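Coordinates as given in work-v2.txt (compact mmCIF, N, CA and C atoms):
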```
# COMPACT_ATOMS: atom_id res chain seq x y z
N MET A 1 23.11 -18.18 -26.49
CA MET A 1 23.60 -19.31 -27.24
C MET A 1 23.25 -20.59 -26.48
N ILE A 2 22.78 -21.58 -27.21
CA ILE A 2 22.39 -22.85 -26.60
C ILE A 2 23.60 -23.77 -26.55
N LYS A 3 23.83 -24.34 -25.36
CA LYS A 3 24.92 -25.30 -25.23
C LYS A 3 24.47 -26.65 -25.75
N SER A 4 25.34 -27.28 -26.52
CA SER A 4 24.99 -28.63 -26.96
C SER A 4 25.49 -29.63 -25.93
N GLN A 5 24.67 -30.63 -25.71
CA GLN A 5 25.01 -31.63 -24.71
C GLN A 5 25.88 -32.71 -25.34
N LYS A 6 26.43 -33.56 -24.48
CA LYS A 6 27.34 -34.61 -24.93
C LYS A 6 26.65 -35.54 -25.93
N GLY A 7 25.38 -35.87 -25.66
CA GLY A 7 24.63 -36.75 -26.56
C GLY A 7 24.44 -36.13 -27.94
N ASP A 8 24.27 -34.80 -27.98
CA ASP A 8 24.13 -34.11 -29.25
C ASP A 8 25.42 -34.18 -30.05
N LYS A 9 26.55 -34.02 -29.39
CA LYS A 9 27.84 -34.09 -30.08
C LYS A 9 28.10 -35.48 -30.63
N VAL A 10 27.77 -36.50 -29.86
CA VAL A 10 27.94 -37.88 -30.33
C VAL A 10 27.03 -38.13 -31.53
N PHE A 11 25.79 -37.66 -31.45
CA PHE A 11 24.84 -37.80 -32.56
C PHE A 11 25.38 -37.12 -33.82
N ASP A 12 25.92 -35.91 -33.66
CA ASP A 12 26.47 -35.18 -34.80
C ASP A 12 27.65 -35.93 -35.42
N ILE A 13 28.52 -36.46 -34.60
CA ILE A 13 29.69 -37.19 -35.11
C ILE A 13 29.25 -38.45 -35.85
N VAL A 14 28.32 -39.20 -35.27
CA VAL A 14 27.82 -40.42 -35.93
C VAL A 14 27.17 -40.06 -37.25
N ASN A 15 26.38 -38.99 -37.29
CA ASN A 15 25.74 -38.55 -38.53
C ASN A 15 26.77 -38.18 -39.59
N ILE A 16 27.78 -37.42 -39.20
CA ILE A 16 28.81 -37.00 -40.16
C ILE A 16 29.56 -38.20 -40.72
N VAL A 17 29.93 -39.13 -39.86
CA VAL A 17 30.64 -40.32 -40.33
C VAL A 17 29.76 -41.16 -41.24
N LEU A 18 28.51 -41.39 -40.84
CA LEU A 18 27.59 -42.20 -41.63
C LEU A 18 27.32 -41.56 -42.98
N LEU A 19 27.05 -40.26 -42.99
CA LEU A 19 26.80 -39.58 -44.26
C LEU A 19 28.05 -39.53 -45.13
N GLY A 20 29.22 -39.43 -44.52
CA GLY A 20 30.47 -39.48 -45.28
C GLY A 20 30.66 -40.82 -45.97
N VAL A 21 30.37 -41.90 -45.25
CA VAL A 21 30.48 -43.25 -45.83
C VAL A 21 29.48 -43.43 -46.97
N ILE A 22 28.25 -42.99 -46.77
CA ILE A 22 27.22 -43.11 -47.81
C ILE A 22 27.60 -42.28 -49.03
N THR A 23 28.10 -41.07 -48.81
CA THR A 23 28.52 -40.22 -49.91
C THR A 23 29.64 -40.88 -50.71
N PHE A 24 30.61 -41.46 -50.02
CA PHE A 24 31.70 -42.15 -50.70
C PHE A 24 31.16 -43.34 -51.51
N MET A 25 30.24 -44.08 -50.92
CA MET A 25 29.68 -45.25 -51.61
C MET A 25 28.91 -44.86 -52.87
N VAL A 26 28.35 -43.68 -52.89
CA VAL A 26 27.60 -43.22 -54.06
C VAL A 26 28.54 -42.58 -55.09
N LEU A 27 29.49 -41.76 -54.64
CA LEU A 27 30.31 -40.99 -55.57
C LEU A 27 31.48 -41.77 -56.16
N TYR A 28 32.08 -42.71 -55.41
CA TYR A 28 33.25 -43.42 -55.93
C TYR A 28 32.94 -44.22 -57.19
N PRO A 29 31.82 -44.97 -57.26
CA PRO A 29 31.56 -45.69 -58.52
C PRO A 29 31.41 -44.74 -59.72
N LEU A 30 30.80 -43.60 -59.51
CA LEU A 30 30.67 -42.63 -60.60
C LEU A 30 32.05 -42.11 -61.02
N TYR A 31 32.89 -41.82 -60.03
CA TYR A 31 34.25 -41.37 -60.31
C TYR A 31 35.05 -42.45 -61.03
N PHE A 32 34.89 -43.70 -60.58
CA PHE A 32 35.63 -44.79 -61.19
C PHE A 32 35.22 -44.98 -62.65
N VAL A 33 33.95 -44.87 -62.95
CA VAL A 33 33.50 -44.99 -64.34
C VAL A 33 34.14 -43.90 -65.19
N LEU A 34 34.22 -42.71 -64.65
CA LEU A 34 34.84 -41.60 -65.38
C LEU A 34 36.32 -41.86 -65.64
N ILE A 35 37.08 -42.24 -64.61
CA ILE A 35 38.52 -42.46 -64.82
C ILE A 35 38.77 -43.71 -65.64
N ALA A 36 37.91 -44.71 -65.52
CA ALA A 36 38.07 -45.92 -66.33
C ALA A 36 37.79 -45.63 -67.80
N SER A 37 36.89 -44.69 -68.07
CA SER A 37 36.54 -44.39 -69.46
C SER A 37 37.67 -43.67 -70.19
N ILE A 38 38.56 -43.02 -69.45
CA ILE A 38 39.67 -42.32 -70.12
C ILE A 38 41.01 -43.00 -69.90
N SER A 39 41.01 -44.14 -69.23
CA SER A 39 42.25 -44.88 -69.00
C SER A 39 42.41 -45.98 -70.03
N ASP A 40 43.62 -46.50 -70.11
CA ASP A 40 43.91 -47.62 -71.00
C ASP A 40 43.10 -48.84 -70.57
N PRO A 41 42.32 -49.44 -71.48
CA PRO A 41 41.46 -50.57 -71.12
C PRO A 41 42.21 -51.75 -70.50
N ASP A 42 43.43 -52.00 -70.95
CA ASP A 42 44.20 -53.12 -70.40
C ASP A 42 44.52 -52.89 -68.92
N LEU A 43 44.84 -51.65 -68.56
CA LEU A 43 45.13 -51.34 -67.15
C LEU A 43 43.87 -51.42 -66.30
N VAL A 44 42.74 -51.04 -66.86
CA VAL A 44 41.48 -51.13 -66.12
C VAL A 44 41.12 -52.59 -65.88
N ASN A 45 41.26 -53.42 -66.91
CA ASN A 45 40.92 -54.85 -66.78
C ASN A 45 41.82 -55.59 -65.81
N THR A 46 43.07 -55.15 -65.67
CA THR A 46 43.98 -55.81 -64.73
C THR A 46 43.88 -55.23 -63.33
N GLY A 47 43.03 -54.22 -63.14
CA GLY A 47 42.83 -53.65 -61.80
C GLY A 47 43.88 -52.65 -61.37
N LYS A 48 44.64 -52.11 -62.31
CA LYS A 48 45.69 -51.16 -61.96
C LYS A 48 45.19 -49.72 -61.88
N VAL A 49 43.96 -49.49 -62.29
CA VAL A 49 43.36 -48.15 -62.19
C VAL A 49 42.41 -48.17 -61.00
N VAL A 50 42.74 -47.37 -59.97
CA VAL A 50 41.91 -47.32 -58.77
C VAL A 50 41.47 -45.89 -58.46
N LEU A 51 42.42 -44.99 -58.32
CA LEU A 51 42.10 -43.61 -57.97
C LEU A 51 42.49 -42.59 -59.03
N ILE A 52 43.53 -42.89 -59.78
CA ILE A 52 44.05 -41.94 -60.77
C ILE A 52 44.05 -42.60 -62.14
N PRO A 53 43.56 -41.91 -63.18
CA PRO A 53 43.61 -42.51 -64.52
C PRO A 53 45.05 -42.71 -64.97
N LYS A 54 45.27 -43.81 -65.70
CA LYS A 54 46.62 -44.12 -66.19
C LYS A 54 46.58 -44.29 -67.69
N LYS A 55 47.62 -43.80 -68.36
CA LYS A 55 47.72 -43.82 -69.83
C LYS A 55 46.42 -43.29 -70.44
N ILE A 56 46.17 -42.02 -70.22
CA ILE A 56 44.92 -41.39 -70.65
C ILE A 56 44.75 -41.47 -72.16
N THR A 57 43.59 -41.95 -72.57
CA THR A 57 43.24 -42.06 -73.98
C THR A 57 41.75 -41.81 -74.13
N PHE A 58 41.38 -41.16 -75.23
CA PHE A 58 39.98 -40.86 -75.50
C PHE A 58 39.44 -41.69 -76.67
N MET A 59 40.12 -42.78 -76.98
CA MET A 59 39.71 -43.62 -78.11
C MET A 59 38.32 -44.24 -77.88
N GLY A 60 37.99 -44.53 -76.64
CA GLY A 60 36.66 -45.07 -76.36
C GLY A 60 35.56 -44.10 -76.76
N TYR A 61 35.77 -42.84 -76.46
CA TYR A 61 34.78 -41.82 -76.83
C TYR A 61 34.72 -41.64 -78.34
N VAL A 62 35.87 -41.72 -78.99
CA VAL A 62 35.90 -41.61 -80.45
C VAL A 62 35.09 -42.74 -81.06
N ARG A 63 35.29 -43.95 -80.57
CA ARG A 63 34.56 -45.11 -81.10
C ARG A 63 33.06 -45.00 -80.84
N VAL A 64 32.70 -44.52 -79.67
CA VAL A 64 31.28 -44.38 -79.34
C VAL A 64 30.60 -43.41 -80.29
N PHE A 65 31.21 -42.26 -80.53
CA PHE A 65 30.56 -41.26 -81.36
C PHE A 65 30.67 -41.56 -82.85
N GLN A 66 31.51 -42.52 -83.23
CA GLN A 66 31.56 -42.95 -84.63
C GLN A 66 30.46 -43.96 -84.92
N ASP A 67 29.93 -44.61 -83.89
CA ASP A 67 28.89 -45.62 -84.06
C ASP A 67 27.54 -44.94 -84.24
N GLY A 68 26.90 -45.16 -85.39
CA GLY A 68 25.63 -44.53 -85.69
C GLY A 68 24.50 -44.99 -84.78
N GLU A 69 24.56 -46.23 -84.30
CA GLU A 69 23.50 -46.74 -83.44
C GLU A 69 23.48 -46.02 -82.08
N ILE A 70 24.64 -45.65 -81.59
CA ILE A 70 24.71 -44.91 -80.32
C ILE A 70 24.04 -43.55 -80.48
N LEU A 71 24.35 -42.87 -81.57
CA LEU A 71 23.75 -41.56 -81.80
C LEU A 71 22.23 -41.68 -81.98
N THR A 72 21.78 -42.74 -82.63
CA THR A 72 20.34 -42.98 -82.77
C THR A 72 19.71 -43.19 -81.39
N GLY A 73 20.39 -43.92 -80.53
CA GLY A 73 19.90 -44.14 -79.18
C GLY A 73 19.79 -42.84 -78.40
N TYR A 74 20.80 -41.98 -78.52
CA TYR A 74 20.74 -40.67 -77.84
C TYR A 74 19.57 -39.85 -78.38
N ARG A 75 19.38 -39.85 -79.70
CA ARG A 75 18.28 -39.10 -80.29
C ARG A 75 16.94 -39.62 -79.78
N ASN A 76 16.79 -40.93 -79.73
CA ASN A 76 15.54 -41.51 -79.23
C ASN A 76 15.31 -41.17 -77.76
N THR A 77 16.37 -41.22 -76.96
CA THR A 77 16.25 -40.90 -75.54
C THR A 77 15.79 -39.46 -75.34
N ILE A 78 16.38 -38.54 -76.07
CA ILE A 78 15.99 -37.14 -75.96
C ILE A 78 14.55 -36.95 -76.41
N PHE A 79 14.17 -37.60 -77.51
CA PHE A 79 12.79 -37.50 -78.00
C PHE A 79 11.80 -38.02 -76.97
N TYR A 80 12.06 -39.21 -76.41
CA TYR A 80 11.14 -39.80 -75.42
C TYR A 80 11.07 -38.96 -74.15
N ALA A 81 12.18 -38.40 -73.73
CA ALA A 81 12.18 -37.59 -72.51
C ALA A 81 11.36 -36.32 -72.71
N ILE A 82 11.56 -35.66 -73.84
CA ILE A 82 10.81 -34.42 -74.10
C ILE A 82 9.33 -34.71 -74.31
N THR A 83 9.03 -35.73 -75.10
CA THR A 83 7.63 -36.08 -75.36
C THR A 83 6.92 -36.51 -74.08
N GLY A 84 7.55 -37.37 -73.29
CA GLY A 84 6.94 -37.82 -72.03
C GLY A 84 6.72 -36.69 -71.06
N THR A 85 7.69 -35.78 -70.99
CA THR A 85 7.55 -34.63 -70.09
C THR A 85 6.39 -33.74 -70.52
N LEU A 86 6.28 -33.48 -71.81
CA LEU A 86 5.18 -32.64 -72.30
C LEU A 86 3.82 -33.30 -72.06
N ILE A 87 3.72 -34.60 -72.30
CA ILE A 87 2.46 -35.30 -72.06
C ILE A 87 2.10 -35.26 -70.58
N ASN A 88 3.06 -35.53 -69.70
CA ASN A 88 2.80 -35.48 -68.26
C ASN A 88 2.42 -34.07 -67.81
N LEU A 89 3.09 -33.07 -68.34
CA LEU A 89 2.77 -31.69 -68.00
C LEU A 89 1.34 -31.34 -68.43
N PHE A 90 0.99 -31.74 -69.64
CA PHE A 90 -0.36 -31.49 -70.14
C PHE A 90 -1.40 -32.19 -69.28
N MET A 91 -1.16 -33.47 -68.96
CA MET A 91 -2.13 -34.23 -68.16
C MET A 91 -2.26 -33.65 -66.75
N THR A 92 -1.17 -33.21 -66.17
CA THR A 92 -1.21 -32.61 -64.83
C THR A 92 -1.99 -31.31 -64.85
N CYS A 93 -1.72 -30.46 -65.84
CA CYS A 93 -2.45 -29.19 -65.94
C CYS A 93 -3.92 -29.45 -66.20
N LYS A 94 -4.24 -30.40 -67.05
CA LYS A 94 -5.63 -30.73 -67.36
C LYS A 94 -6.35 -31.22 -66.11
N ARG A 95 -5.68 -32.06 -65.32
CA ARG A 95 -6.28 -32.59 -64.10
C ARG A 95 -6.52 -31.46 -63.10
N GLN A 96 -5.59 -30.53 -62.97
CA GLN A 96 -5.76 -29.43 -62.04
C GLN A 96 -6.94 -28.56 -62.42
N VAL A 97 -7.11 -28.30 -63.71
CA VAL A 97 -8.24 -27.50 -64.17
C VAL A 97 -9.54 -28.25 -63.90
N PHE A 98 -9.55 -29.55 -64.14
CA PHE A 98 -10.74 -30.36 -63.93
C PHE A 98 -11.17 -30.35 -62.48
N PHE A 99 -10.23 -30.50 -61.55
CA PHE A 99 -10.58 -30.56 -60.14
C PHE A 99 -10.98 -29.19 -59.59
N TYR A 100 -10.49 -28.11 -60.16
CA TYR A 100 -10.85 -26.78 -59.68
C TYR A 100 -12.25 -26.38 -60.11
N GLU A 101 -12.81 -27.03 -61.12
CA GLU A 101 -14.15 -26.67 -61.59
C GLU A 101 -15.22 -27.07 -60.59
N PHE A 102 -14.97 -28.06 -59.74
CA PHE A 102 -15.98 -28.55 -58.81
C PHE A 102 -15.93 -27.82 -57.52
```
Written as structure tokens, that's how I'd like the structure from this file.
Amino acid sequence: MIKSQKGDKVFDIVNIVLLGVITFMVLYPLYFVLIASISDPDLVNTGKVVLIPKKITFMGYVRVFQDGEILTGYRNTIFYAITGTLINLFMTCKRQVFFYEF
């Protein structure tokens, strides 16, 4: 078994703390968007929602899915993603075949 030196332990601790801070900085905004989307909008606007959703309501989601333009946007996004992926896949395969011929 290899003994770790004092410098290695300090390096590991600094890495763990730094990566923990970066992870929090990335994940908290995503978490906040989720809890804000199911909380009462008045409480979110006044800053009373921080870690736990309050007065849970799904009316925002109901309104979003009732709006036809949102659903059209989702349909377009899915279409563009699939079409773009297929075109890129075709072009990549075509390029690989072309370069292997020489």
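For the pair atom CA of Tyr80 of chain A and atom CA of Gly60 of chain A, the separation is 26.1 Å.
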Point-to-point distance from atom C of Ile35 of chain A to atom C of Pro53 of chain A, Å rounded to tenths: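 Going from atom C of Ile35 of chain A over to atom C of Pro53 of chain A covers 6.4 Å.
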Residues within 8 Å of Met59 of chain A, all atoms listed in the file, excluding chain neighbours under 4 positions, as number ranges by chain: A: 37-39, 63-65
Any chance you could export the current selection's N, CA and C atoms as an mmCIF file, in the frame of the given file?
```
data_model
loop_
_atom_site.group_PDB
_atom_site.id
_atom_site.type_symbol
_atom_site.label_atom_id
_atom_site.label_comp_id
_atom_site.auth_asym_id
_atom_site.auth_seq_id
_atom_site.Cartn_x
_atom_site.Cartn_y
_atom_site.Cartn_z
ATOM 1 N N SER A 37 36.890 -44.690 -68.070
ATOM 2 C CA SER A 37 36.540 -44.390 -69.460
ATOM 3 C C SER A 37 37.670 -43.670 -70.190
ATOM 4 N N ILE A 38 38.560 -43.020 -69.450
ATOM 5 C CA ILE A 38 39.670 -42.320 -70.120
ATOM 6 C C ILE A 38 41.010 -43.000 -69.900
ATOM 7 N N SER A 39 41.010 -44.140 -69.230
ATOM 8 C CA SER A 39 42.250 -44.880 -69.000
ATOM 9 C C SER A 39 42.410 -45.980 -70.030
ATOM 10 N N ARG A 63 35.290 -43.950 -80.570
ATOM 11 C CA ARG A 63 34.560 -45.110 -81.100
ATOM 12 C C ARG A 63 33.060 -45.000 -80.840
ATOM 13 N N VAL A 64 32.700 -44.520 -79.670
ATOM 14 C CA VAL A 64 31.280 -44.380 -79.340
ATOM 15 C C VAL A 64 30.600 -43.410 -80.290
ATOM 16 N N PHE A 65 31.210 -42.260 -80.530
ATOM 17 C CA PHE A 65 30.560 -41.260 -81.360
ATOM 18 C C PHE A 65 30.670 -41.560 -82.850
#
```
